[in-house]
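Contents: one structure, followed by commentary.
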Amino acid sequence: MRKTVWVLLAFLLAAGFVWGTGGKEAGPAEAEEMVGAATTNGGTVYATLAEYEKATGKKITEFRESPAMSEKVAAGELPPVEQRLPEQPVVFVPHESIGIYGGQFVGPYAVGEQSAVESSQYTEVFELAPNGRDVIPNLVAGYTLSDDYTVLTMQLREGMKWSDGTPLTADDCLFWYNDILQNENLTPAVGGVWTAGGDLVKVTTRGDYTVRFEFAGANPSVLQRLYASGFPEMFRPKHYLSKFHPTYNADVEKLAKDEGFDSWWAMFQSKGERGERQSNLDLPVVFPWVLTDITSRDEHYYERNPYYFKIDSMGNQLPYIDTMLSLPGTETFTFKAMSGELDIYKGEMADYVAYKENEEKGDYRLLMCDEAEGSKVTYSFNQNHKDPVLREIFGDIRFRQAMSLAINRDEIKEIVYRGTGIPRQATVIPATTYYEDWMGEYFAEYDVDEANELLDEMGLKWDRNEEFRLRPDGDTLSVIIEMLSIGPWGAPQVNELVKEYWEAVGVKTTIKSVEFNLYLERGLANERDMGLWIMDSANELVNYINPNQFYPPWGWNAIFGAGVEWEKWLKTNGAEGLKPPDWAQRIYELAGKLPMLEAGTDEYMATGRELMALNVQNLVHIGTVGLTQFPCTVSNALVNVPDKGHWSGVYHFWAYYDPEQWYLKK
């Protein structure tokens, strides 16, 4: 049977989880509760108007628009709203209530950090379901994925348009495929989702609204990978960008020089840049809002996209909010949030008391959001250490068990994270379908006596002063915690506590702050005693696509660096590096297998469960406190923002909560 998904599947309701709704906010109409639709983090969504009407028995007979758009229609600047929407728009039932049009949303902006405004521009081909793994058709009306996972067919929305009113068609996908993906200047290396089976994907079209992606090998996680890309990379506005491409413009080099670029491809990339680094005001997009101005003070202004492809269940075209303003000035954001100048802001726990004290004065509500991290500060002993004595000690599971038992996680939670989070081992978050409770609890209790017994059992004797333990060669047993100067948050305080805990069981501990590039270089060169980072790839989506924190060398660019020599051995079939133990070889095998399985199947569940179990049982990573929280200020005027949820780059920050359905009370 073919896997055909032309509708939003009802099973996603069962697979998802419930978000706090708080009190009902009065509006022009209450949001209906629907049956048989997909629940997102912001509300309830139907892939098409036809699906909404079929599921609810309700008809949407006319469309409405914001007064600002009506004025432009009356002035002859825009066609009527029914001509601006696709034939089958997405129907969105808001989180709390049908919104009202108007207002300006104000949020923070900082290059390198996703702000509320810029992250609201994410418009994925597929939206992520609340279970953190399955996807929902978003930009496209539907899709089919063949039984062997080699052919993905997308059905575009007929009548859908770019923000300048030009139709979005399959030709925009062919432009990306032929002229961007296969152009070496624009795409020096092609990999990942587009090379499943070892060869470049083949893209063909049928008519204006059907696109077929044919892979050389099975690509079962393709849908999740396309969500993770954030922006619809395979749909680019050919009618606009082609003028900056040599295939379509013989004078493109002269044009590049005239515009101050060194090459045509530098110009092309600049003209087509989207997201937080977008500077081209003329670029057509499919996002809820369109960038219209960047002032000399680096303020970014956005206006609603008159051709946005979503409506609410009353036929109102989204988004509700007219304009967005993204303010620069990182150092003043905290004060702006407390004074009520920002409509939404992610703060830090260090400022929690100040946020709480200013809640009434700033006219905002203070929410606590989870960070979807398995462990905020995570340690990984280097089992491939160049020093053969330390390699043997670190490779002994009893040592890693002892070091874990010696950590007082409850104290870390109270002192560093203000009582938020969960003391736990470094593993995936509980929302992961193959997670089991024992994984978070494994050797995570605080037990100094048992830690000492394990170290004694290893033969690590105390020195004559009974201050520190001795290595088998008679030297003092000492470890160096190298910490990135950029984080993770709370690491300096956690490290000081861990130093105290480990020295209490006789392991001399030194803390050293290292610059980012040097830290990575030392990891790749196998020169660290241990790695320290966040267990930030702890959700099911990332682990399905690429569980790199759970196989040697554990993390991108050897961020943990606990198995670089094992990685060499595995990648060279034993020609280089150190031979891993059987359990590590099995981990490597499972990590390669997981992305090749269909999510949710029995084999997928068994593979994910075994992969996580082996990591936990061998204490590759030692966690401290996970699922920590941060304070978030939300203006009391801003409606349809869930009271609870995750905030993470994996989930595209605020885009996860569907900002197009937020609105501002008058």
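Residue numbering restarts at 1 for every chain of the structure tokens, chains are lettered A, B, ... in their displayed order, and ligands are numbered from 1 as they appear.
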
Determine, for each residue of range 84-174 of chain A having at least one atom at most 10 Å from an atom of range 48-62 of chain A, the closest pair of atoms and their separation in Å to one decimal, counting only C-alpha atoms; order by chain and ascending number, as CSV.
residue,atom,partner,partner_atom,distance
A:Pro86,CA,A:Thr48,CA,9.7
A:Glu87,CA,A:Leu49,CA,8.3
A:Gln88,CA,A:Thr48,CA,5.1
A:Pro89,CA,A:Thr48,CA,5.4
A:Val90,CA,A:Thr48,CA,4.8
A:Val91,CA,A:Leu49,CA,5.9
A:Phe92,CA,A:Tyr52,CA,9.1
A:Val93,CA,A:Tyr52,CA,10.0
A:Pro137,CA,A:Thr48,CA,9.4
A:Asn138,CA,A:Thr48,CA,9.4
A:Val140,CA,A:Thr48,CA,9.6
A:Ala141,CA,A:Thr48,CA,6.5
A:Gly142,CA,A:Thr48,CA,8.9
A:Arg157,CA,A:Thr48,CA,9.0

Based on DSSP run over this structure's backbone, return all residues of range 389-623 of chain A in strand (DSSP E or B), as a PyMOL selection string. chain A and resi 422-423+462+469-470+476+478-484+508-514+530-535+622

Contacts of Gly421 in chain A within 10 Å, only C-alpha atoms, excl. fewer than 6 positions in-chain, as a JSON list (two decimals) with C-alpha atoms, in the first residue's frame:
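And here's out37.json as it stands now:
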[["chain", "number", "residue", "atom", "x", "y", "z"],
["A", 370, "ASP", "CA", 11.26, 24.17, 28.44],
["A", 371, "GLU", "CA", 14.55, 23.89, 26.66],
["A", 373, "GLU", "CA", 17.83, 19.50, 26.08],
["A", 374, "GLY", "CA", 18.72, 16.17, 27.64],
["A", 375, "SER", "CA", 21.32, 17.76, 29.90],
["A", 376, "LYS", "CA", 22.37, 21.39, 30.06],
["A", 410, "ASP", "CA", 19.73, 18.21, 43.06],
["A", 413, "LYS", "CA", 19.42, 22.27, 40.02],
["A", 414, "GLU", "CA", 18.75, 24.53, 43.00],
["A", 624, "THR", "CA", 23.68, 16.91, 35.23],
["A", 625, "VAL", "CA", 20.32, 18.69, 34.88],
["A", 626, "GLY", "CA", 18.14, 18.51, 31.79],
["A", 627, "LEU", "CA", 14.88, 20.01, 30.55],
["A", 628, "THR", "CA", 15.83, 23.30, 32.16],
["A", 629, "GLN", "CA", 13.54, 26.28, 31.73],
["A", 630, "PHE", "CA", 13.85, 29.94, 30.90]]

When you look at Ala504 in chain A with a cut-off of 9 Å (counting only C-alpha atoms), what residues show up, excluding the ones that are within fewer than 2 positions of it in the same chain? I need them as a VMD selection string. chain A and resid 406 448 467 to 468 499 to 502 506 to 508

Which neighbours of Trp438 in chain A fall inside 12 Å, counting only C-alpha atoms, when residues of the same chain fewer than 3 positions from it are skipped, and could you give them as an MDAnalysis selection string? chainID A and resid 424:428 430 434:435 441:445 609 612:613 616:617

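These are the residues of range 51-108 of chain A assigned alpha helix (DSSP H) by DSSP from backbone coordinates: Glu51, Tyr52, Glu53, Lys54, Ala55, Thr56, Pro67, Ala68, Met69, Ser70, Glu71, Lys72, Val73, Ala74, Val81, Glu82, Gln83 and Arg84 of chain A.
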
For Asp172 in chain A, list every protein, DNA or RNA residue within 8 Å, evaluated using only C-alpha atoms, and leave out those in the same chain fewer than 2 positions away; present the list as a compact mmCIF listing (two decimals) with C-alpha atoms, in the first residue's frame.
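Produced file selection21.txt, reproduced below:
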# COMPACT_ATOMS: atom_id res chain seq x y z
CA LEU A 168 4.46 29.76 -7.45
CA THR A 169 4.74 26.75 -9.75
CA ALA A 170 6.79 23.62 -10.35
CA LEU A 174 13.20 23.15 -11.51
CA PHE A 175 15.03 26.49 -11.34
CA TRP A 176 16.42 25.51 -7.94
CA MET A 234 13.64 23.71 -3.28
CA PHE A 235 11.27 26.54 -4.19
CA ARG A 236 13.01 29.74 -5.31
CA PRO A 237 11.40 32.63 -7.26
CA LYS A 238 12.71 32.05 -10.77

Within 9 Å of range 449-451 of chain A using only C-alpha atoms, minus same-chain residues under 4 positions, as a PyMOL selection string: chain A and resi 398-399+401-406+455-456+505

Please save N, CA and C atoms of the selected residues as a PDB file, in the first residue's frame.
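Produced file part_25.pdb, reproduced below:
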ATOM      1  N   ARG A 398      33.380   1.290  35.556  1.00  0.00           N
ATOM      2  CA  ARG A 398      33.250   1.596  36.980  1.00  0.00           C
ATOM      3  C   ARG A 398      33.674   3.028  37.284  1.00  0.00           C
ATOM      4  N   PHE A 399      34.688   3.523  36.565  1.00  0.00           N
ATOM      5  CA  PHE A 399      35.124   4.905  36.771  1.00  0.00           C
ATOM      6  C   PHE A 399      34.028   5.877  36.352  1.00  0.00           C
ATOM      7  N   GLN A 401      30.864   5.291  36.102  1.00  0.00           N
ATOM      8  CA  GLN A 401      29.752   5.158  37.041  1.00  0.00           C
ATOM      9  C   GLN A 401      30.031   5.949  38.321  1.00  0.00           C
ATOM     10  N   ALA A 402      31.247   5.854  38.797  1.00  0.00           N
ATOM     11  CA  ALA A 402      31.611   6.557  40.031  1.00  0.00           C
ATOM     12  C   ALA A 402      31.539   8.067  39.848  1.00  0.00           C
ATOM     13  N   MET A 403      32.050   8.550  38.732  1.00  0.00           N
ATOM     14  CA  MET A 403      32.023   9.992  38.480  1.00  0.00           C
ATOM     15  C   MET A 403      30.591  10.509  38.369  1.00  0.00           C
ATOM     16  N   SER A 404      29.706   9.692  37.845  1.00  0.00           N
ATOM     17  CA  SER A 404      28.306  10.088  37.744  1.00  0.00           C
ATOM     18  C   SER A 404      27.643  10.100  39.120  1.00  0.00           C
ATOM     19  N   LEU A 405      27.890   9.055  39.908  1.00  0.00           N
ATOM     20  CA  LEU A 405      27.296   8.978  41.248  1.00  0.00           C
ATOM     21  C   LEU A 405      27.796  10.082  42.169  1.00  0.00           C
ATOM     22  N   ALA A 406      28.987  10.600  41.913  1.00  0.00           N
ATOM     23  CA  ALA A 406      29.580  11.626  42.779  1.00  0.00           C
ATOM     24  C   ALA A 406      28.949  12.996  42.587  1.00  0.00           C
ATOM     25  N   LEU A 455      35.643   3.124  42.893  1.00  0.00           N
ATOM     26  CA  LEU A 455      37.024   3.550  42.658  1.00  0.00           C
ATOM     27  C   LEU A 455      38.004   2.672  43.444  1.00  0.00           C
ATOM     28  N   ASP A 456      37.609   2.283  44.651  1.00  0.00           N
ATOM     29  CA  ASP A 456      38.447   1.356  45.429  1.00  0.00           C
ATOM     30  C   ASP A 456      38.559   0.018  44.710  1.00  0.00           C
ATOM     31  N   VAL A 505      35.794  12.566  46.067  1.00  0.00           N
ATOM     32  CA  VAL A 505      36.040  11.129  45.923  1.00  0.00           C
ATOM     33  C   VAL A 505      37.464  10.869  45.435  1.00  0.00           C
TER      34      VAL A 505
END

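Reported to one decimal place, the separation of CA of Phe653 in chain A from CA of Ala110 in chain A is 13.8 Å.
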
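Proximity of A:Ser146, A:Gln661, A:Thr210, A:Ser270 to Asp171 in chain A, computed with only C-alpha atoms, is greatest for A:Thr210.
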
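With only C-alpha atoms as the atoms that count, the residue of A:Asp351, A:Glu540, A:Glu233, A:Asp463 with the shortest distance to Pro631 in chain A is A:Asp351.
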